[in-house]
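J.: Have a look at this one before I ask anything.
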2 protein chains.
Amino acid sequence: MAQRRFRRRKEDRPAELTAAAMNEFAEHGYDATSVEAVARRAGVSKGLMYLYFRTKEELFKAVVRSFVAPRVDRLTRAIDDADAGFEAFLRGPFLDTARELPRSKARHLVRLMIAEGHKHPDLTRWYWENVVSKALAAMRRLIRRSVDSGELAPSALERFPQLVISPVMLSVVWMLVMQRHEELDTDAFIEAHVDLLLAAVKKEAP
Amino acid sequence: MAQRRFRRRKEDRPAELTAAAMNEFAEHGYDATSVEAVARRAGVSKGLMYLYFRTKEELFKAVVRSFVAPRVDRLTRAIDDADAGFEAFLRGPFLDTARELPRSKARHLVRLMIAEGHKHPDLTRWYWENVVSKALAAMRRLIRRSVDSGELAPSALERFPQLVISPVMLSVVWMLVMQRHEELDTDAFIEAHVDLLLAAVKKEAP
DNA sequence: GGGCTTGCTGACCGGACAGTCATCAATTAT
DNA sequence: ATAATTGATGACTGTCCGGTCAGCAAGCCC
């Protein structure tokens, strides 16, 4: 008998499709990715996608959600578990993920959100509610804790936790546009930012 | 006689087309913008575009170049003319443009570069050579000058002038994705960053 | 006003692609 | 074994769009 024409694996299909779609979208963007290419990459037929996702747009949203959700949960948990203080968190878990992101596959997802986000309002809302606002809230808790404990002096950081992550955003964009790592050592850049930040907000020893 | 069917204005056409294209691209992105829509917006026929630009891609590159070039020249000139020192420049011309960008139409061009840049290597190279590297070099000159004059203490800023603009990039992305200004006062955010930065790098009065 | 140049038009072509559906085949129930 | 169920296929449709080109008309010269 020749190669099995197809398998029946209802359970695994959605994950297989979103994984394949993640790669196609990352490489070519939303519009330039055809459903057929995704199906081919997943080793199934085009029609199958429409059994699990109503439209190409639904597939896209599923990709973002399935990829982002677990990572964000992990990071916010790391923030709350960090009873080691602000500096320890920044120089530890934060630097780890911040340095990885600009070179990881996930950076392409950032591109997708920037390029396509405004066309998918409900996806943006979900992203806001489940990712951004949660992460910001966690950061704020950590900062407030560190101010109360006397590690940090009060500063604009409480109001703008984004001050911590802006160099990461710039690094991601840099890598997306410039492609290569020459001309900007994103690792050293993010570290330099952390140094400056801590120098500005740490409480002087009295 | 009915409405004039068309005019003959060879000189003005390219600018009219790039202006119309800028708006279409900004609204819908590259792929989702049709040449016909651009032509309609410019009040001409689709075929005309192909008399002035070889392909849709060439039109896109022309849009970026024509929009970016004058603004960058203006800013780099402002840097070099700023013999007022680092802080004066940051709190003056820099803050002015940095606060405007996230809400200006130009932010959509940032989206285009992030979304499409990697598909147009020669455009990216042009962008690097004529925009990014020039702006960075100008910033470095200013920083070095200010260190020499004793205004600033030596710091990582000389190596990474990007430390100055990262909150602007985050603000632009924020506005592109979140659409609305609620939840992040980009003006205050960028100012807070400037405050922290200056606190960290200014030379203490001896 | 008649002929010449050329800016401009719009119908047309070829190809690509999202989404549909009649049909098939692997599995399950009887 | 046979029938019923359902996961999976791929040909097909309608549409859209980038790019072409034969021809039209606005300006120009005589």
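Please note that chains go A, B, ... in the order of the structure tokens, that every chain numbers its residues from 1, and that ligands are numbered from 1 in the order shown.
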Which residues of chain A come within 8 Å of chain B, and what is each one's closest atom pair and distance in Å (one decimal), counting only C-alpha atoms, sorted by chain and residue number, as a Markdown table?
T.:
```
| residue | atom | partner | partner_atom | distance |
| --- | --- | --- | --- | --- |
| A:Gly29 | CA | B:Ala115 | CA | 7.8 |
| A:Asp31 | CA | B:Asp31 | CA | 6.5 |
| A:Ala32 | CA | B:Asp31 | CA | 7.5 |
| A:Arg111 | CA | B:Ala115 | CA | 6.1 |
| A:Leu112 | CA | B:Ala115 | CA | 7.4 |
| A:Met113 | CA | B:Val177 | CA | 7.0 |
| A:Ile114 | CA | B:Val177 | CA | 5.8 |
| A:Ala115 | CA | B:Ala115 | CA | 5.2 |
| A:Gly117 | CA | B:Val177 | CA | 5.6 |
| A:His118 | CA | B:Val177 | CA | 5.9 |
| A:Thr124 | CA | B:Met178 | CA | 7.0 |
| A:Trp128 | CA | B:Met178 | CA | 7.9 |
| A:Ala156 | CA | B:Ala192 | CA | 6.2 |
| A:Phe160 | CA | B:Phe189 | CA | 6.5 |
| A:Leu163 | CA | B:His193 | CA | 6.7 |
| A:Ser166 | CA | B:Pro167 | CA | 5.3 |
| A:Pro167 | CA | B:Ser166 | CA | 5.3 |
| A:Met169 | CA | B:Leu170 | CA | 6.1 |
| A:Leu170 | CA | B:Ser166 | CA | 5.5 |
| A:Val173 | CA | B:Ile114 | CA | 6.7 |
| A:Leu176 | CA | B:Ile114 | CA | 6.7 |
| A:Val177 | CA | B:Gly117 | CA | 5.6 |
| A:Met178 | CA | B:Thr124 | CA | 7.0 |
| A:Gln179 | CA | B:His118 | CA | 7.2 |
| A:Phe189 | CA | B:Phe160 | CA | 6.5 |
| A:Ala192 | CA | B:Ala156 | CA | 6.2 |
| A:His193 | CA | B:Leu163 | CA | 6.7 |
| A:Leu196 | CA | B:Ala200 | CA | 5.8 |
| A:Leu197 | CA | B:Leu196 | CA | 7.0 |
| A:Ala199 | CA | B:Ala200 | CA | 5.9 |
| A:Ala200 | CA | B:Ala200 | CA | 5.1 |
| A:Val201 | CA | B:Leu196 | CA | 7.8 |
```
J.: Could you list, as a list in words, every residue of chain D that has an atom within 10 Å of an atom of chain A, counting only C-alpha atoms (C1' of nucleotides)?
T.: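 Output check: DT6, DG7, DA8, DT9 and DG10 of chain D.
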J.: Could you take the residues named above and write them with C-alpha atoms (C1' of nucleotides), as an mmCIF file, in the first residue's frame?
T.:
```cif
data_model
loop_
_atom_site.group_PDB
_atom_site.id
_atom_site.type_symbol
_atom_site.label_atom_id
_atom_site.label_comp_id
_atom_site.auth_asym_id
_atom_site.auth_seq_id
_atom_site.Cartn_x
_atom_site.Cartn_y
_atom_site.Cartn_z
ATOM 1 C "C1'" DT D 6 -17.167 12.042 10.588
ATOM 2 C "C1'" DG D 7 -12.314 13.629 9.520
ATOM 3 C "C1'" DA D 8 -10.250 14.952 5.449
ATOM 4 C "C1'" DT D 9 -9.676 16.029 0.485
ATOM 5 C "C1'" DG D 10 -9.013 18.922 -3.694
#
```
J.: Per residue of chain C within 9 Å of chain B, which atom pair is closest and at what distance in Å (one decimal), using only C-alpha atoms (C1' of nucleotides), listed by chain and increasing number, as a tab-separated table?
T.:
```
residue	atom	partner	partner_atom	distance
C:DG7	C1'	B:Arg8	CA	5.7
C:DC8	C1'	B:Leu48	CA	6.5
C:DT9	C1'	B:Ser45	CA	6.4
C:DG10	C1'	B:Ser45	CA	7.6
```
J.: Give me every alpha helix (DSSP H) residue in chain A, going by DSSP on the backbone, as an NGL selection string.
T.: :A and (13-28 or 35-42 or 46-52 or 56-81 or 86-89 or 95-100 or 106-116 or 121-127 or 133-148 or 162-178 or 186-201)
J.: Rank nothing, just name the residue among B:Ser149, B:Leu136, B:Ala106, B:Ala20 nearest to Ile79 (chain B), using only C-alpha atoms.
T.: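 Nearest to Ile79 (chain B): B:Leu136.
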J.: Quick one: residues within 10 Å of DG14 (chain D), only C-alpha atoms (C1' of nucleotides) counted, chain neighbours fewer than 2 positions away excluded, as a list in words?
T.: DA18 and DG19 of chain C; DC12 and DC16 of chain D
J.: Mind dumping the selected residues with N, CA and C atoms (P, O5', C5', C4', C3', O3' and C1' of nucleotides) as a PDB file, in the first residue's frame?
T.:
```pdb
ATOM      1  P    DA C  18      -5.417  33.113   0.852  1.00  0.00           P
ATOM      2  O5'  DA C  18      -6.875  33.371   1.421  1.00  0.00           O
ATOM      3  C5'  DA C  18      -7.392  34.694   1.383  1.00  0.00           C
ATOM      4  C4'  DA C  18      -8.903  34.656   1.348  1.00  0.00           C
ATOM      5  C3'  DA C  18      -9.545  33.766   2.398  1.00  0.00           C
ATOM      6  O3'  DA C  18     -10.756  34.368   2.828  1.00  0.00           O
ATOM      7  C1'  DA C  18     -10.098  32.969   0.219  1.00  0.00           C
ATOM      8  P    DG C  19     -11.518  33.817   4.130  1.00  0.00           P
ATOM      9  O5'  DG C  19     -12.571  32.791   3.504  1.00  0.00           O
ATOM     10  C5'  DG C  19     -13.557  33.309   2.617  1.00  0.00           C
ATOM     11  C4'  DG C  19     -14.241  32.189   1.890  1.00  0.00           C
ATOM     12  C3'  DG C  19     -14.774  31.033   2.755  1.00  0.00           C
ATOM     13  O3'  DG C  19     -16.158  30.888   2.479  1.00  0.00           O
ATOM     14  C1'  DG C  19     -13.670  30.221   0.853  1.00  0.00           C
TER      15       DG C  19
ATOM     16  P    DC D  12     -12.440  20.724 -11.700  1.00  0.00           P
ATOM     17  O5'  DC D  12     -13.300  21.934 -11.108  1.00  0.00           O
ATOM     18  C5'  DC D  12     -14.368  21.654 -10.220  1.00  0.00           C
ATOM     19  C4'  DC D  12     -14.906  22.944  -9.627  1.00  0.00           C
ATOM     20  C3'  DC D  12     -14.796  24.180 -10.538  1.00  0.00           C
ATOM     21  O3'  DC D  12     -16.088  24.723 -10.749  1.00  0.00           O
ATOM     22  C1'  DC D  12     -13.991  24.652  -8.344  1.00  0.00           C
ATOM     23  P    DC D  16     -14.220  42.021  -5.548  1.00  0.00           P
ATOM     24  O5'  DC D  16     -12.667  42.276  -5.270  1.00  0.00           O
ATOM     25  C5'  DC D  16     -11.951  41.356  -4.456  1.00  0.00           C
ATOM     26  C4'  DC D  16     -10.495  41.404  -4.832  1.00  0.00           C
ATOM     27  C3'  DC D  16     -10.033  42.761  -5.387  1.00  0.00           C
ATOM     28  O3'  DC D  16      -8.876  43.172  -4.700  1.00  0.00           O
ATOM     29  C1'  DC D  16      -9.374  41.012  -6.833  1.00  0.00           C
TER      30       DC D  16
END
```
J.: Find the distance between CA of Val72 (chain B) and CA of Arg103 (chain B) and write it in Å to one decimal.
T.: 17.4 Å
J.: With only C-alpha atoms (C1' of nucleotides) as the counted atoms, please give the residues lying no more than 7 Å from region 84-100 of chain B, apart from itself and same-chain residues fewer than 5 positions off, as an MDAnalysis selection string.
T.: chainID B and resid 142:143 146 168 187
J.: Please report the interatomic distance between CA of Arg107 (chain B) and CA of Val172 (chain A) in Å with one decimal.
T.: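 These atoms are spaced 16.9 Å apart.
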J.: For Thr76 (chain B), list every protein, DNA or RNA residue within 8 Å, evaluated using only C-alpha atoms (C1' of nucleotides), and leave out those in the same chain fewer than 6 positions away; present the list as a PyMOL selection string.
T.: chain B and resi 134-135+138
J.: Which neighbours of region 17-22 of chain D fall inside 12 Å, counting only C-alpha atoms (C1' of nucleotides), when residues of the same chain fewer than 3 positions from it are skipped, and could you give them as a PDB file with N, CA and C atoms (P, O5', C5', C4', C3', O3' and C1' of nucleotides), in the first residue's frame?
T.:
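Wrote it out as around-v8.pdb, contents follow:
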```pdb
ATOM      1  N   ASP B  31       0.320  45.650   1.276  1.00  0.00           N
ATOM      2  CA  ASP B  31      -0.378  44.644   0.479  1.00  0.00           C
ATOM      3  C   ASP B  31      -1.836  45.012   0.234  1.00  0.00           C
ATOM      4  N   ALA B  32      -2.478  45.536   1.271  1.00  0.00           N
ATOM      5  CA  ALA B  32      -3.907  45.797   1.177  1.00  0.00           C
ATOM      6  C   ALA B  32      -4.220  47.091   0.427  1.00  0.00           C
ATOM      7  N   THR B  33      -3.194  47.764  -0.015  1.00  0.00           N
ATOM      8  CA  THR B  33      -3.418  48.971  -0.824  1.00  0.00           C
ATOM      9  C   THR B  33      -3.300  48.610  -2.297  1.00  0.00           C
ATOM     10  N   SER B  34      -4.323  48.956  -3.066  1.00  0.00           N
ATOM     11  CA  SER B  34      -4.255  48.660  -4.501  1.00  0.00           C
ATOM     12  C   SER B  34      -3.804  49.903  -5.256  1.00  0.00           C
ATOM     13  N   VAL B  35      -3.073  49.669  -6.309  1.00  0.00           N
ATOM     14  CA  VAL B  35      -2.612  50.776  -7.138  1.00  0.00           C
ATOM     15  C   VAL B  35      -3.798  51.599  -7.623  1.00  0.00           C
ATOM     16  N   GLU B  36      -4.893  50.910  -7.894  1.00  0.00           N
ATOM     17  CA  GLU B  36      -6.070  51.623  -8.376  1.00  0.00           C
ATOM     18  C   GLU B  36      -6.598  52.596  -7.319  1.00  0.00           C
ATOM     19  N   ALA B  37      -6.571  52.178  -6.063  1.00  0.00           N
ATOM     20  CA  ALA B  37      -7.038  53.063  -4.988  1.00  0.00           C
ATOM     21  C   ALA B  37      -6.149  54.298  -4.892  1.00  0.00           C
ATOM     22  N   LYS B  46      -5.225  54.459 -13.197  1.00  0.00           N
ATOM     23  CA  LYS B  46      -4.246  53.489 -12.717  1.00  0.00           C
ATOM     24  C   LYS B  46      -2.997  53.427 -13.601  1.00  0.00           C
ATOM     25  N   GLY B  47      -3.225  53.447 -14.902  1.00  0.00           N
ATOM     26  CA  GLY B  47      -2.100  53.326 -15.821  1.00  0.00           C
ATOM     27  C   GLY B  47      -1.059  54.415 -15.631  1.00  0.00           C
ATOM     28  N   LEU B  48      -1.523  55.590 -15.203  1.00  0.00           N
ATOM     29  CA  LEU B  48      -0.592  56.716 -15.069  1.00  0.00           C
ATOM     30  C   LEU B  48       0.526  56.417 -14.089  1.00  0.00           C
ATOM     31  N   MET B  49       0.186  55.726 -13.033  1.00  0.00           N
ATOM     32  CA  MET B  49       1.216  55.431 -12.037  1.00  0.00           C
ATOM     33  C   MET B  49       2.398  54.729 -12.687  1.00  0.00           C
ATOM     34  N   TYR B  50       2.072  53.850 -13.635  1.00  0.00           N
ATOM     35  CA  TYR B  50       3.144  53.060 -14.251  1.00  0.00           C
ATOM     36  C   TYR B  50       3.978  53.872 -15.225  1.00  0.00           C
ATOM     37  N   LEU B  51       3.562  55.105 -15.504  1.00  0.00           N
ATOM     38  CA  LEU B  51       4.414  55.988 -16.302  1.00  0.00           C
ATOM     39  C   LEU B  51       5.484  56.634 -15.437  1.00  0.00           C
ATOM     40  N   PHE B  53       6.309  55.335 -12.069  1.00  0.00           N
ATOM     41  CA  PHE B  53       6.973  54.364 -11.208  1.00  0.00           C
ATOM     42  C   PHE B  53       6.885  52.998 -11.873  1.00  0.00           C
ATOM     43  N   ARG B  54       8.000  52.286 -11.897  1.00  0.00           N
ATOM     44  CA  ARG B  54       8.041  51.026 -12.626  1.00  0.00           C
ATOM     45  C   ARG B  54       7.072  50.006 -12.035  1.00  0.00           C
ATOM     46  N   THR B  55       7.017  49.951 -10.711  1.00  0.00           N
ATOM     47  CA  THR B  55       6.156  48.970 -10.047  1.00  0.00           C
ATOM     48  C   THR B  55       5.558  49.595  -8.796  1.00  0.00           C
ATOM     49  N   LYS B  56       4.651  48.867  -8.218  1.00  0.00           N
ATOM     50  CA  LYS B  56       4.095  49.298  -6.936  1.00  0.00           C
ATOM     51  C   LYS B  56       5.191  49.415  -5.878  1.00  0.00           C
ATOM     52  N   GLU B  57       6.144  48.513  -5.930  1.00  0.00           N
ATOM     53  CA  GLU B  57       7.230  48.556  -4.959  1.00  0.00           C
ATOM     54  C   GLU B  57       8.036  49.848  -5.086  1.00  0.00           C
TER      55      GLU B  57
ATOM     56  P    DT C   9      -5.603  60.227 -16.490  1.00  0.00           P
ATOM     57  O5'  DT C   9      -6.294  59.215 -17.489  1.00  0.00           O
ATOM     58  C5'  DT C   9      -7.154  59.722 -18.499  1.00  0.00           C
ATOM     59  C4'  DT C   9      -7.686  58.591 -19.367  1.00  0.00           C
ATOM     60  C3'  DT C   9      -8.382  57.466 -18.605  1.00  0.00           C
ATOM     61  O3'  DT C   9      -9.695  57.323 -19.119  1.00  0.00           O
ATOM     62  C1'  DT C   9      -6.797  56.592 -20.167  1.00  0.00           C
ATOM     63  P    DG C  10     -10.897  56.907 -18.128  1.00  0.00           P
ATOM     64  O5'  DG C  10     -11.092  55.367 -18.494  1.00  0.00           O
ATOM     65  C5'  DG C  10     -11.283  55.023 -19.863  1.00  0.00           C
ATOM     66  C4'  DG C  10     -11.016  53.544 -20.063  1.00  0.00           C
ATOM     67  C3'  DG C  10     -11.510  52.627 -18.941  1.00  0.00           C
ATOM     68  O3'  DG C  10     -11.899  51.397 -19.517  1.00  0.00           O
ATOM     69  C1'  DG C  10      -9.257  52.283 -19.224  1.00  0.00           C
ATOM     70  P    DA C  11     -13.340  50.805 -19.279  1.00  0.00           P
ATOM     71  O5'  DA C  11     -13.353  49.617 -20.346  1.00  0.00           O
ATOM     72  C5'  DA C  11     -12.958  49.871 -21.684  1.00  0.00           C
ATOM     73  C4'  DA C  11     -12.032  48.759 -22.184  1.00  0.00           C
ATOM     74  C3'  DA C  11     -12.430  47.341 -21.741  1.00  0.00           C
ATOM     75  O3'  DA C  11     -12.236  46.457 -22.831  1.00  0.00           O
ATOM     76  C1'  DA C  11     -10.229  47.798 -21.032  1.00  0.00           C
ATOM     77  P    DC C  12     -12.756  44.923 -22.780  1.00  0.00           P
ATOM     78  O5'  DC C  12     -11.387  44.131 -22.531  1.00  0.00           O
ATOM     79  C5'  DC C  12     -10.250  44.458 -23.333  1.00  0.00           C
ATOM     80  C4'  DC C  12      -9.027  43.788 -22.751  1.00  0.00           C
ATOM     81  C3'  DC C  12      -9.265  42.379 -22.173  1.00  0.00           C
ATOM     82  O3'  DC C  12      -8.523  41.437 -22.930  1.00  0.00           O
ATOM     83  C1'  DC C  12      -7.933  43.723 -20.713  1.00  0.00           C
ATOM     84  P    DC C  13      -8.717  39.853 -22.669  1.00  0.00           P
ATOM     85  O5'  DC C  13      -7.332  39.504 -21.980  1.00  0.00           O
ATOM     86  C5'  DC C  13      -6.120  40.035 -22.508  1.00  0.00           C
ATOM     87  C4'  DC C  13      -4.965  39.580 -21.640  1.00  0.00           C
ATOM     88  C3'  DC C  13      -5.116  38.149 -21.119  1.00  0.00           C
ATOM     89  O3'  DC C  13      -3.884  37.473 -21.254  1.00  0.00           O
ATOM     90  C1'  DC C  13      -4.870  39.663 -19.291  1.00  0.00           C
ATOM     91  P    DG C  14      -3.882  35.858 -21.226  1.00  0.00           P
ATOM     92  O5'  DG C  14      -3.003  35.550 -19.947  1.00  0.00           O
ATOM     93  C5'  DG C  14      -1.866  36.364 -19.655  1.00  0.00           C
ATOM     94  C4'  DG C  14      -1.504  36.197 -18.201  1.00  0.00           C
ATOM     95  C3'  DG C  14      -1.694  34.771 -17.661  1.00  0.00           C
ATOM     96  O3'  DG C  14      -0.540  34.412 -16.936  1.00  0.00           O
ATOM     97  C1'  DG C  14      -2.922  36.320 -16.337  1.00  0.00           C
ATOM     98  P    DG C  15      -0.393  32.938 -16.344  1.00  0.00           P
ATOM     99  O5'  DG C  15      -0.376  33.223 -14.782  1.00  0.00           O
ATOM    100  C5'  DG C  15       0.229  34.429 -14.306  1.00  0.00           C
ATOM    101  C4'  DG C  15      -0.240  34.680 -12.898  1.00  0.00           C
ATOM    102  C3'  DG C  15      -0.409  33.404 -12.064  1.00  0.00           C
ATOM    103  O3'  DG C  15       0.165  33.625 -10.794  1.00  0.00           O
ATOM    104  C1'  DG C  15      -2.377  34.694 -11.980  1.00  0.00           C
ATOM    105  P    DA C  16       0.527  32.381  -9.871  1.00  0.00           P
ATOM    106  O5'  DA C  16       0.093  32.951  -8.454  1.00  0.00           O
ATOM    107  C5'  DA C  16       0.063  34.370  -8.246  1.00  0.00           C
ATOM    108  C4'  DA C  16      -1.011  34.695  -7.242  1.00  0.00           C
ATOM    109  C3'  DA C  16      -1.233  33.567  -6.224  1.00  0.00           C
ATOM    110  O3'  DA C  16      -1.225  34.130  -4.919  1.00  0.00           O
ATOM    111  C1'  DA C  16      -3.287  34.228  -7.210  1.00  0.00           C
ATOM    112  P    DC C  17      -0.997  33.171  -3.667  1.00  0.00           P
ATOM    113  O5'  DC C  17      -2.236  33.503  -2.746  1.00  0.00           O
ATOM    114  C5'  DC C  17      -2.927  34.743  -2.906  1.00  0.00           C
ATOM    115  C4'  DC C  17      -4.393  34.545  -2.577  1.00  0.00           C
ATOM    116  C3'  DC C  17      -4.646  33.344  -1.653  1.00  0.00           C
ATOM    117  O3'  DC C  17      -5.540  33.736  -0.647  1.00  0.00           O
ATOM    118  C1'  DC C  17      -6.096  33.287  -3.482  1.00  0.00           C
TER     119       DC C  17
END
```
J.: Could you list, as number ranges by chain, every residue within 10 Å of region 11-19 of chain B, counting only C-alpha atoms (C1' of nucleotides) and ignoring same-chain residues fewer than 6 positions away?
T.: B: 25, 38-44, 48-49, 51-53, 59-67
